[in-house]
$ cat run.cif   # mmCIF, C-alpha atoms
data_target
#
loop_
_atom_site.label_atom_id
_atom_site.label_comp_id
_atom_site.auth_asym_id
_atom_site.auth_seq_id
_atom_site.Cartn_x
_atom_site.Cartn_y
_atom_site.Cartn_z
CA MET M 1 -21.18 11.36 70.71
CA GLU M 2 -20.93 8.34 72.98
CA THR M 3 -24.03 6.09 72.93
CA TRP M 4 -25.04 6.67 76.53
CA GLN M 5 -24.57 10.41 76.23
CA THR M 6 -26.73 10.47 73.08
CA ILE M 7 -29.51 8.49 74.75
CA SER M 8 -29.47 10.40 78.00
CA THR M 9 -29.32 13.91 76.54
CA ARG M 10 -31.88 13.54 73.73
CA ARG M 11 -34.95 15.74 74.12
CA SER M 12 -38.11 16.19 72.10
CA ILE M 13 -37.51 19.43 70.19
CA ARG M 14 -40.55 21.34 68.95
CA GLU M 15 -39.09 24.71 67.95
CA PHE M 16 -36.52 25.00 65.20
CA THR M 17 -34.26 27.56 63.52
CA ASN M 18 -34.64 28.39 59.81
CA GLU M 19 -31.43 26.55 58.92
CA PRO M 20 -32.13 23.72 56.46
CA VAL M 21 -31.23 20.16 57.36
CA PRO M 22 -28.23 19.05 55.25
CA LEU M 23 -28.83 16.19 52.82
CA GLN M 24 -25.99 14.18 54.39
CA SER M 25 -27.76 14.35 57.76
CA ILE M 26 -31.04 13.25 56.21
CA GLN M 27 -29.31 10.29 54.57
CA LYS M 28 -27.60 9.29 57.80
CA MET M 29 -30.87 9.48 59.75
CA LEU M 30 -32.63 7.34 57.16
CA THR M 31 -29.79 4.82 57.15
CA ALA M 32 -29.96 4.61 60.94
CA ALA M 33 -33.72 4.06 60.76
CA SER M 34 -33.27 1.31 58.20
CA MET M 35 -30.87 -0.53 60.55
CA ALA M 36 -33.42 -0.87 63.35
CA ALA M 37 -34.50 -4.25 64.65
CA SER M 38 -37.28 -5.53 62.45
CA GLY M 39 -39.53 -8.46 63.38
CA GLY M 40 -38.78 -11.36 61.03
CA ASN M 41 -36.50 -8.93 59.17
CA MET M 42 -39.63 -7.92 57.28
CA GLN M 43 -38.56 -4.27 56.96
CA ALA M 44 -42.18 -3.55 56.14
CA TRP M 45 -41.55 0.16 56.10
CA SER M 46 -40.98 3.12 53.79
CA PHE M 47 -39.76 6.57 54.71
CA LEU M 48 -40.58 9.82 52.94
CA VAL M 49 -38.86 13.14 53.68
CA VAL M 50 -40.54 16.49 53.11
CA GLN M 51 -38.40 19.65 52.95
CA ASP M 52 -40.19 21.91 50.47
CA PRO M 53 -41.42 24.92 52.53
CA LEU M 54 -44.93 25.12 51.08
CA ARG M 55 -45.45 21.35 51.29
CA LEU M 56 -44.18 21.47 54.90
CA GLN M 57 -46.75 24.16 55.68
CA MET M 58 -49.56 22.11 54.19
CA LEU M 59 -48.36 18.95 55.93
CA GLY M 60 -48.35 20.92 59.19
CA ALA M 61 -51.99 21.84 58.55
CA LEU M 62 -52.86 18.13 58.55
CA ALA M 63 -50.71 17.29 61.55
CA PRO M 64 -51.71 19.13 64.72
CA GLY M 65 -48.91 17.31 66.54
CA ILE M 66 -46.32 19.35 64.65
CA ILE M 67 -46.08 22.39 66.90
CA GLY M 68 -43.26 24.53 65.49
CA LYS M 69 -41.86 24.97 62.00
CA PRO M 70 -39.53 22.06 61.28
CA GLN M 71 -37.19 22.19 58.28
CA ALA M 72 -37.81 18.52 57.53
CA VAL M 73 -40.54 16.05 58.32
CA PHE M 74 -40.03 12.31 57.99
CA VAL M 75 -43.16 10.31 57.23
CA LEU M 76 -42.70 6.76 58.48
CA CYS M 77 -45.02 4.32 56.74
CA ILE M 78 -45.98 0.70 57.31
CA ASP M 79 -46.38 -1.54 54.28
CA ILE M 80 -49.76 -3.05 55.11
CA SER M 81 -49.69 -5.15 51.92
CA GLN M 82 -47.43 -7.48 53.95
CA GLU M 83 -50.21 -7.96 56.49
CA ASN M 84 -52.08 -11.23 56.59
CA PRO M 85 -54.73 -10.82 59.31
CA GLU M 86 -56.12 -14.36 58.87
CA LYS M 87 -52.77 -16.11 59.06
CA ASP M 88 -51.14 -13.82 61.59
CA PRO M 89 -53.37 -11.28 63.32
CA TRP M 90 -50.41 -10.01 65.35
CA LEU M 91 -48.34 -9.00 62.37
CA PHE M 92 -49.40 -5.36 62.43
CA GLN M 93 -48.21 -5.12 66.02
CA TYR M 94 -44.79 -6.46 65.03
CA MET M 95 -44.60 -4.06 62.12
CA SER M 96 -45.56 -1.08 64.26
CA MET M 97 -43.06 -2.05 66.97
CA SER M 98 -40.35 -2.26 64.33
CA LEU M 99 -41.31 1.16 63.03
CA GLY M 100 -41.04 2.48 66.59
CA ALA M 101 -37.49 1.11 66.76
CA ALA M 102 -36.69 2.77 63.43
CA MET M 103 -38.09 6.04 64.74
CA GLN M 104 -35.90 5.86 67.85
CA ASN M 105 -32.78 5.27 65.72
CA LEU M 106 -33.78 8.30 63.66
CA LEU M 107 -34.28 10.47 66.76
CA LEU M 108 -30.97 9.44 68.30
CA THR M 109 -29.07 9.98 65.08
CA ALA M 110 -30.64 13.43 64.68
CA HIS M 111 -29.47 14.33 68.18
CA ASP M 112 -26.01 12.91 67.51
CA LEU M 113 -25.77 15.17 64.44
CA GLY M 114 -26.70 18.28 66.44
CA LEU M 115 -30.27 18.31 65.16
CA GLY M 116 -33.47 18.23 67.16
CA ALA M 117 -36.50 16.09 66.44
CA CYS M 118 -39.86 15.18 67.82
CA PRO M 119 -42.09 12.17 67.12
CA VAL M 120 -45.62 13.05 66.05
CA ALA M 121 -48.60 10.72 66.15
CA SER M 122 -51.37 13.34 65.89
CA PHE M 123 -52.07 13.68 62.20
CA HIS M 124 -54.73 12.64 59.71
CA GLN M 125 -53.36 9.52 58.02
CA LYS M 126 -55.58 9.55 54.94
CA ALA M 127 -55.16 13.28 54.34
CA VAL M 128 -51.36 12.95 54.56
CA GLN M 129 -51.55 10.05 52.11
CA VAL M 130 -53.47 12.26 49.66
CA LEU M 131 -51.19 15.29 50.07
CA LEU M 132 -47.99 13.32 49.51
CA ASN M 133 -49.20 10.80 46.90
CA ILE M 134 -48.52 7.89 49.24
CA PRO M 135 -49.97 4.65 47.84
CA GLU M 136 -52.92 2.98 49.58
CA HIS M 137 -50.86 0.07 50.93
CA MET M 138 -48.36 2.39 52.66
CA LEU M 139 -49.93 3.57 55.89
CA PRO M 140 -48.38 6.77 57.29
CA PHE M 141 -47.98 5.70 60.91
CA LEU M 142 -45.60 8.19 62.51
CA LEU M 143 -44.09 11.55 61.64
CA VAL M 144 -40.79 12.94 62.88
CA ALA M 145 -40.38 16.71 62.78
CA ALA M 146 -36.72 17.73 62.58
CA GLY M 147 -34.45 20.73 62.29
CA PHE M 148 -31.81 22.59 64.21
CA PRO M 149 -33.09 23.25 67.73
CA LYS M 150 -33.94 26.81 68.68
CA TYR M 151 -33.21 25.92 72.27
CA LYS M 152 -32.72 22.85 74.41
CA PRO M 153 -35.60 22.18 76.79
CA GLU M 154 -34.96 20.96 80.30
CA ALA M 155 -35.25 17.26 80.91
CA PRO M 156 -38.79 16.35 81.91
CA ALA M 157 -39.27 14.35 85.08
CA ARG M 158 -38.86 10.60 84.68
CA LYS M 159 -40.15 7.88 86.94
CA GLU M 160 -37.66 6.24 89.28
CA LEU M 161 -36.63 2.74 88.13
CA ASN M 162 -37.99 1.19 91.29
CA GLN M 163 -41.46 2.45 90.36
CA PHE M 164 -41.71 0.23 87.30
CA CYS M 165 -38.75 -2.18 87.14
CA PHE M 166 -38.66 -5.49 88.97
CA ALA M 167 -36.34 -8.45 89.20
CA GLU M 168 -37.25 -12.11 88.82
CA SER M 169 -40.79 -11.72 90.04
CA TRP M 170 -43.35 -8.90 89.67
CA GLY M 171 -43.11 -6.46 92.57
CA LYS M 172 -39.66 -7.64 93.67
CA PRO M 173 -37.26 -4.66 93.58
CA LEU M 174 -34.09 -4.74 91.52
CA MET I 1 -49.89 43.11 52.95
CA ASN I 2 -49.24 39.98 50.90
CA THR I 3 -52.78 38.60 50.66
CA ASP I 4 -51.67 35.37 48.90
CA SER I 5 -49.38 34.56 51.79
CA LEU I 6 -52.07 35.53 54.34
CA ARG I 7 -54.54 33.28 52.54
CA ASP I 8 -52.05 30.36 52.73
CA ASP I 9 -51.46 30.98 56.42
CA LEU I 10 -55.17 31.14 57.21
CA LEU I 11 -55.86 28.07 55.10
CA SER I 12 -53.19 26.19 57.06
CA LEU I 13 -54.84 27.33 60.27
CA VAL I 14 -58.19 26.01 59.05
CA GLY I 15 -56.56 22.65 58.27
CA PHE I 16 -54.99 22.58 61.73
CA LEU I 17 -58.37 23.29 63.37
CA LEU I 18 -60.21 20.68 61.32
CA THR I 19 -57.64 17.90 61.80
CA SER I 20 -57.45 18.78 65.49
CA ALA I 21 -61.24 18.55 65.80
CA GLN I 22 -61.21 15.12 64.14
CA GLY I 23 -58.18 13.82 66.00
CA LEU I 24 -59.52 14.87 69.39
CA ASN I 25 -62.32 12.33 69.02
CA HIS I 26 -59.82 9.65 69.96
CA GLU I 27 -56.99 11.51 71.69
CA PRO I 28 -56.48 12.15 75.41
CA ILE I 29 -58.78 14.85 76.79
CA ASP I 30 -55.84 17.10 77.81
CA TYR I 31 -54.83 17.34 74.17
CA GLY I 32 -57.93 19.47 73.55
CA THR I 33 -56.73 22.14 75.95
CA PHE I 34 -53.30 22.06 74.40
CA ARG I 35 -54.59 22.26 70.81
CA LEU I 36 -56.62 25.39 71.62
CA LEU I 37 -53.62 26.96 73.34
CA ASP I 38 -51.51 26.04 70.31
CA ALA I 39 -54.16 27.58 68.01
CA SER I 40 -54.00 30.82 70.03
CA GLY I 41 -50.24 30.88 69.50
CA ARG I 42 -50.71 30.29 65.77
CA VAL I 43 -53.20 33.16 65.47
CA LEU I 44 -50.83 35.50 67.31
CA GLU I 45 -48.00 34.36 65.03
CA ILE I 46 -50.07 35.31 61.97
CA MET I 47 -50.95 38.67 63.54
CA HIS I 48 -47.28 39.48 64.03
CA LYS I 49 -46.26 38.23 60.61
CA TYR I 50 -48.64 40.76 59.04
CA ASP I 51 -47.84 43.62 61.42
CA LEU I 52 -51.16 43.37 63.25
CA GLY I 53 -49.57 42.79 66.63
CA ASP I 54 -48.41 45.11 69.38
CA ALA I 55 -46.48 44.95 72.64
CA PHE I 56 -49.31 43.18 74.46
CA THR I 57 -49.81 40.50 71.80
CA ALA I 58 -46.02 40.00 71.61
CA GLN I 59 -45.84 39.41 75.33
CA LEU I 60 -48.87 37.11 75.24
CA GLN I 61 -47.34 35.14 72.39
CA ALA I 62 -44.06 34.75 74.28
CA GLN I 63 -45.90 33.33 77.28
CA ILE I 64 -47.95 30.95 75.15
CA ASN I 65 -44.91 29.80 73.18
CA GLU I 66 -43.16 28.85 76.39
CA LYS I 67 -45.96 26.33 77.00
CA ARG I 68 -46.28 25.30 73.33
CA PHE I 69 -42.63 24.44 72.77
CA GLY I 70 -41.56 23.25 76.21
CA SER I 71 -41.46 19.66 77.42
CA MET I 72 -44.80 17.89 77.61
CA SER I 73 -45.62 17.26 81.21
CA SER I 74 -48.52 16.17 83.33
CA GLU I 75 -48.60 19.66 84.86
CA SER I 76 -52.02 21.23 84.43
CA LEU I 77 -52.33 24.22 82.11
CA GLU I 78 -55.16 25.54 84.27
CA PRO I 79 -53.15 28.04 86.41
CA PHE I 80 -51.35 29.35 83.34
CA LEU I 81 -54.60 29.77 81.39
CA GLN I 82 -56.27 31.54 84.32
CA HIS I 83 -53.29 33.88 84.51
CA VAL I 84 -53.18 34.83 80.80
CA ILE I 85 -56.97 35.13 80.54
CA LEU I 86 -56.99 37.68 83.37
CA GLN I 87 -54.14 39.56 81.68
CA TYR I 88 -56.14 39.49 78.45
CA ALA I 89 -59.28 40.75 80.20
CA ALA I 90 -57.38 43.64 81.79
CA GLU I 91 -55.90 44.57 78.43
CA ILE I 92 -59.18 44.57 76.49
CA LYS I 93 -60.78 46.59 79.30
CA ARG I 94 -57.95 49.12 79.03
CA ARG I 95 -58.47 49.32 75.25
CA LEU I 96 -62.21 49.74 75.74
CA ASP I 97 -61.66 52.52 78.32
CA ASN I 98 -59.29 54.30 75.93
CA GLN I 99 -61.92 54.26 73.20
CA ASN I 100 -64.56 55.86 75.46
#
$ encode --input "run.cif" --output "structure tokens"
Amino acid sequence: METWQTISTRRSIREFTNEPVPLQSIQKMLTAASMAASGGNMQAWSFLVVQDPLRLQMLGALAPGIIGKPQAVFVLCIDISQENPEKDPWLFQYMSMSLGAAMQNLLLTAHDLGLGACPVASFHQKAVQVLLNIPEHMLPFLLVAAGFPKYKPEAPARKELNQFCFAESWGKPL
Amino acid sequence: MNTDSLRDDLLSLVGFLLTSAQGLNHEPIDYGTFRLLDASGRVLEIMHKYDLGDAFTAQLQAQINEKRFGSMSSESLEPFLQHVILQYAAEIKRRLDNQN
């Protein structure tokens, strides 16, 4: 799929078929995530994929933001051991922005492969850490629920560019 | 009925309710409405999985699912909730009348 088409036709998918996500697709999505822009090239991230049905069910119980029944959930973690709040209090922001970029690469690649996905921020971080044996220094920060879409939702309304984009000086239209 | 499976499904529902309750302490207020709607859909799903549903619950679930799985929007759920609650009230009244 052409880049612009992928970006402009991606939707958040919350309902999935029972078809499993092929391993090749998982690997490609993870590779795409790993190629995202990363502040200072820190790559202070780790990604964990859950596909086992019972574990997915239990993970869903700890993540109210997962609405349907995805066939795979990606747990995107930030390596907080790389944080140094005294030296650089902004570092966590950089790391979380980088993780957001990785998530977007993952979402776009899923769409490009014919899959659907949805970012999820509503989940209990500590409980997910316990369930999946994630070490203390790896903070589960975002989840991505994925699978083959049951249907394609209509595009939600978006703001017009002139409502929030300016040129040269704040308030001056493009 | 597979009671092990039912136990797992109900346990998952309990987890969903507890994590929702905790998360809603710091999430947008509209999320509360949505979580309860979502929970209703999950209960109906369990009812149907274990053959406890009927035509009315199937139709109710279909309506709820449309809101659960559709695009998030700023549109209020209030008119929809009013509509399905009145449908629900009419149905339980009909069931009550049939019993008497």
$ interface_residues --input "run.cif" --of "chain M" --to "chain I" --cutoff "12 Å" --atoms "all atoms listed in the file" --output "NGL selection string"
:M and (10-16 or 53-69 or 118 or 121-128 or 149-158)
$ write_last_selection --input "run.cif" --atoms "C-alpha atoms" --output "tab-separated table (two decimals), in the coordinates of the input"
chain	number	residue	atom	x	y	z
M	10	ARG	CA	-31.88	13.54	73.73
M	11	ARG	CA	-34.95	15.74	74.12
M	12	SER	CA	-38.11	16.19	72.10
M	13	ILE	CA	-37.51	19.43	70.19
M	14	ARG	CA	-40.55	21.34	68.95
M	15	GLU	CA	-39.09	24.71	67.95
M	16	PHE	CA	-36.52	25.00	65.20
M	53	PRO	CA	-41.42	24.92	52.53
M	54	LEU	CA	-44.93	25.12	51.08
M	55	ARG	CA	-45.45	21.35	51.29
M	56	LEU	CA	-44.18	21.47	54.90
M	57	GLN	CA	-46.75	24.16	55.68
M	58	MET	CA	-49.56	22.11	54.19
M	59	LEU	CA	-48.36	18.95	55.93
M	60	GLY	CA	-48.35	20.92	59.19
M	61	ALA	CA	-51.99	21.84	58.55
M	62	LEU	CA	-52.86	18.13	58.55
M	63	ALA	CA	-50.71	17.29	61.55
M	64	PRO	CA	-51.71	19.13	64.72
M	65	GLY	CA	-48.91	17.31	66.54
M	66	ILE	CA	-46.32	19.35	64.65
M	67	ILE	CA	-46.08	22.39	66.90
M	68	GLY	CA	-43.26	24.53	65.49
M	69	LYS	CA	-41.86	24.97	62.00
M	118	CYS	CA	-39.86	15.18	67.82
M	121	ALA	CA	-48.60	10.72	66.15
M	122	SER	CA	-51.37	13.34	65.89
M	123	PHE	CA	-52.07	13.68	62.20
M	124	HIS	CA	-54.73	12.64	59.71
M	125	GLN	CA	-53.36	9.52	58.02
M	126	LYS	CA	-55.58	9.55	54.94
M	127	ALA	CA	-55.16	13.28	54.34
M	128	VAL	CA	-51.36	12.95	54.56
M	149	PRO	CA	-33.09	23.25	67.73
M	150	LYS	CA	-33.94	26.81	68.68
M	151	TYR	CA	-33.21	25.92	72.27
M	152	LYS	CA	-32.72	22.85	74.41
M	153	PRO	CA	-35.60	22.18	76.79
M	154	GLU	CA	-34.96	20.96	80.30
M	155	ALA	CA	-35.25	17.26	80.91
M	156	PRO	CA	-38.79	16.35	81.91
M	157	ALA	CA	-39.27	14.35	85.08
M	158	ARG	CA	-38.86	10.60	84.68
$ atom_distance --input "run.cif" --atom1 "CA of Leu99 (chain M)" --atom2 "CA of Gln43 (chain M)"
8.6 Å
$ atom_distance --input "run.cif" --atom1 "CA of Asp97 (chain I)" --atom2 "CA of Leu37 (chain I)"
27.3 Å
$ residues_near_point --input "run.cif" --point "(-26.9, 7.3, 62.7)" --cutoff "10 Å" --atoms "all atoms listed in the file" --output "JSON, numbers by chain"
{"M": [25, 26, 27, 28, 29, 30, 31, 32, 33, 34, 35, 105, 106, 107, 108, 109, 110, 111, 112, 113]}
$ residues_near_point --input "run.cif" --point "(-40.5, 16.1, 64.5)" --cutoff "8 Å" --atoms "all atoms listed in the file" --output "ChimeraX atom specification"
/M:12-14,66,70,72-74,116-120,143-147
$ write_last_selection --input "run.cif" --atoms "C-alpha atoms" --output "PDB file, in the frame of the given file"
ATOM      1  CA  SER M  12     -38.110  16.190  72.100  1.00  0.00           C
ATOM      2  CA  ILE M  13     -37.510  19.430  70.190  1.00  0.00           C
ATOM      3  CA  ARG M  14     -40.550  21.340  68.950  1.00  0.00           C
ATOM      4  CA  ILE M  66     -46.320  19.350  64.650  1.00  0.00           C
ATOM      5  CA  PRO M  70     -39.530  22.060  61.280  1.00  0.00           C
ATOM      6  CA  ALA M  72     -37.810  18.520  57.530  1.00  0.00           C
ATOM      7  CA  VAL M  73     -40.540  16.050  58.320  1.00  0.00           C
ATOM      8  CA  PHE M  74     -40.030  12.310  57.990  1.00  0.00           C
ATOM      9  CA  GLY M 116     -33.470  18.230  67.160  1.00  0.00           C
ATOM     10  CA  ALA M 117     -36.500  16.090  66.440  1.00  0.00           C
ATOM     11  CA  CYS M 118     -39.860  15.180  67.820  1.00  0.00           C
ATOM     12  CA  PRO M 119     -42.090  12.170  67.120  1.00  0.00           C
ATOM     13  CA  VAL M 120     -45.620  13.050  66.050  1.00  0.00           C
ATOM     14  CA  LEU M 143     -44.090  11.550  61.640  1.00  0.00           C
ATOM     15  CA  VAL M 144     -40.790  12.940  62.880  1.00  0.00           C
ATOM     16  CA  ALA M 145     -40.380  16.710  62.780  1.00  0.00           C
ATOM     17  CA  ALA M 146     -36.720  17.730  62.580  1.00  0.00           C
ATOM     18  CA  GLY M 147     -34.450  20.730  62.290  1.00  0.00           C
TER      19      GLY M 147
END
$ atom_distance --input "run.cif" --atom1 "CA of Met138 (chain M)" --atom2 "CA of Gly39 (chain M)"
17.6 Å
$ closest_residue --input "run.cif" --among "I:Gln63, I:Gln82, I:Thr3, I:Asn98" --to "Leu44 (chain I)" --atoms "only C-alpha atoms"
I:Gln63
$ resolve_selection --input "run.cif" --expression "the PyMOL selection byres ((chain I and resi 83-88) around 12)" --output "list of chain:residue names"
I:Leu37, I:Ser40, I:Phe56, I:Thr57, I:Gln59, I:Leu60, I:Gln61, I:Ala62, I:Gln63, I:Ile64, I:Lys67, I:Leu77, I:Glu78, I:Pro79, I:Phe80, I:Leu81, I:Gln82, I:Ala89, I:Ala90, I:Glu91, I:Ile92, I:Lys93, I:Arg94, I:Arg95
$ closest_residue --input "run.cif" --among "I:Asn25, I:Thr33, I:Leu6, I:Asn100" --to "Met47 (chain I)" --atoms "all atoms listed in the file"
I:Leu6
$ decode --input "run.cif" --residues "region 20-71 of chain I" --atoms "C-alpha atoms" --output "PDB file, in the first residue's frame"
ATOM      1  CA  SER I  20     -12.268  -0.051  35.326  1.00  0.00           C
ATOM      2  CA  ALA I  21     -13.207   1.199  38.792  1.00  0.00           C
ATOM      3  CA  GLN I  22      -9.554   1.957  39.565  1.00  0.00           C
ATOM      4  CA  GLY I  23      -8.757   3.468  36.173  1.00  0.00           C
ATOM      5  CA  LEU I  24     -11.783   5.758  36.230  1.00  0.00           C
ATOM      6  CA  ASN I  25     -10.259   7.636  39.159  1.00  0.00           C
ATOM      7  CA  HIS I  26      -7.999   9.377  36.674  1.00  0.00           C
ATOM      8  CA  GLU I  27      -9.707   8.939  33.311  1.00  0.00           C
ATOM      9  CA  PRO I  28     -12.116  11.304  31.537  1.00  0.00           C
ATOM     10  CA  ILE I  29     -15.611  11.277  33.048  1.00  0.00           C
ATOM     11  CA  ASP I  30     -17.222  10.049  29.789  1.00  0.00           C
ATOM     12  CA  TYR I  31     -15.176   6.867  30.045  1.00  0.00           C
ATOM     13  CA  GLY I  32     -17.326   5.836  33.025  1.00  0.00           C
ATOM     14  CA  THR I  33     -20.467   5.817  30.905  1.00  0.00           C
ATOM     15  CA  PHE I  34     -18.692   3.878  28.207  1.00  0.00           C
ATOM     16  CA  ARG I  35     -17.219   1.297  30.615  1.00  0.00           C
ATOM     17  CA  LEU I  36     -20.679   0.526  32.029  1.00  0.00           C
ATOM     18  CA  LEU I  37     -22.108   0.217  28.526  1.00  0.00           C
ATOM     19  CA  ASP I  38     -19.196  -2.050  27.628  1.00  0.00           C
ATOM     20  CA  ALA I  39     -19.842  -4.125  30.781  1.00  0.00           C
ATOM     21  CA  SER I  40     -23.490  -4.546  29.737  1.00  0.00           C
ATOM     22  CA  GLY I  41     -22.301  -5.852  26.371  1.00  0.00           C
ATOM     23  CA  ARG I  42     -19.918  -8.264  28.103  1.00  0.00           C
ATOM     24  CA  VAL I  43     -22.675  -9.628  30.354  1.00  0.00           C
ATOM     25  CA  LEU I  44     -24.947 -10.160  27.342  1.00  0.00           C
ATOM     26  CA  GLU I  45     -22.085 -11.882  25.533  1.00  0.00           C
ATOM     27  CA  ILE I  46     -21.701 -14.330  28.443  1.00  0.00           C
ATOM     28  CA  MET I  47     -25.466 -14.924  28.512  1.00  0.00           C
ATOM     29  CA  HIS I  48     -25.450 -15.872  24.836  1.00  0.00           C
ATOM     30  CA  LYS I  49     -22.326 -17.995  25.113  1.00  0.00           C
ATOM     31  CA  TYR I  50     -24.099 -20.160  27.708  1.00  0.00           C
ATOM     32  CA  ASP I  51     -27.484 -20.218  25.957  1.00  0.00           C
ATOM     33  CA  LEU I  52     -29.113 -17.901  28.476  1.00  0.00           C
ATOM     34  CA  GLY I  53     -30.090 -15.320  25.892  1.00  0.00           C
ATOM     35  CA  ASP I  54     -33.153 -14.864  23.721  1.00  0.00           C
ATOM     36  CA  ALA I  55     -34.310 -12.702  20.822  1.00  0.00           C
ATOM     37  CA  PHE I  56     -34.607  -9.596  22.992  1.00  0.00           C
ATOM     38  CA  THR I  57     -31.133  -9.922  24.532  1.00  0.00           C
ATOM     39  CA  ALA I  58     -29.672 -10.647  21.079  1.00  0.00           C
ATOM     40  CA  GLN I  59     -31.188  -7.479  19.697  1.00  0.00           C
ATOM     41  CA  LEU I  60     -30.058  -5.477  22.736  1.00  0.00           C
ATOM     42  CA  GLN I  61     -26.541  -6.845  22.390  1.00  0.00           C
ATOM     43  CA  ALA I  62     -26.430  -5.918  18.698  1.00  0.00           C
ATOM     44  CA  GLN I  63     -27.400  -2.339  19.516  1.00  0.00           C
ATOM     45  CA  ILE I  64     -24.857  -2.083  22.318  1.00  0.00           C
ATOM     46  CA  ASN I  65     -22.094  -3.614  20.199  1.00  0.00           C
ATOM     47  CA  GLU I  66     -22.634  -0.988  17.551  1.00  0.00           C
ATOM     48  CA  LYS I  67     -21.661   1.634  20.143  1.00  0.00           C
ATOM     49  CA  ARG I  68     -18.924  -0.500  21.746  1.00  0.00           C
ATOM     50  CA  PHE I  69     -17.004  -1.255  18.568  1.00  0.00           C
ATOM     51  CA  GLY I  70     -17.655   1.849  16.493  1.00  0.00           C
ATOM     52  CA  SER I  71     -15.421   4.891  16.238  1.00  0.00           C
TER      53      SER I  71
END
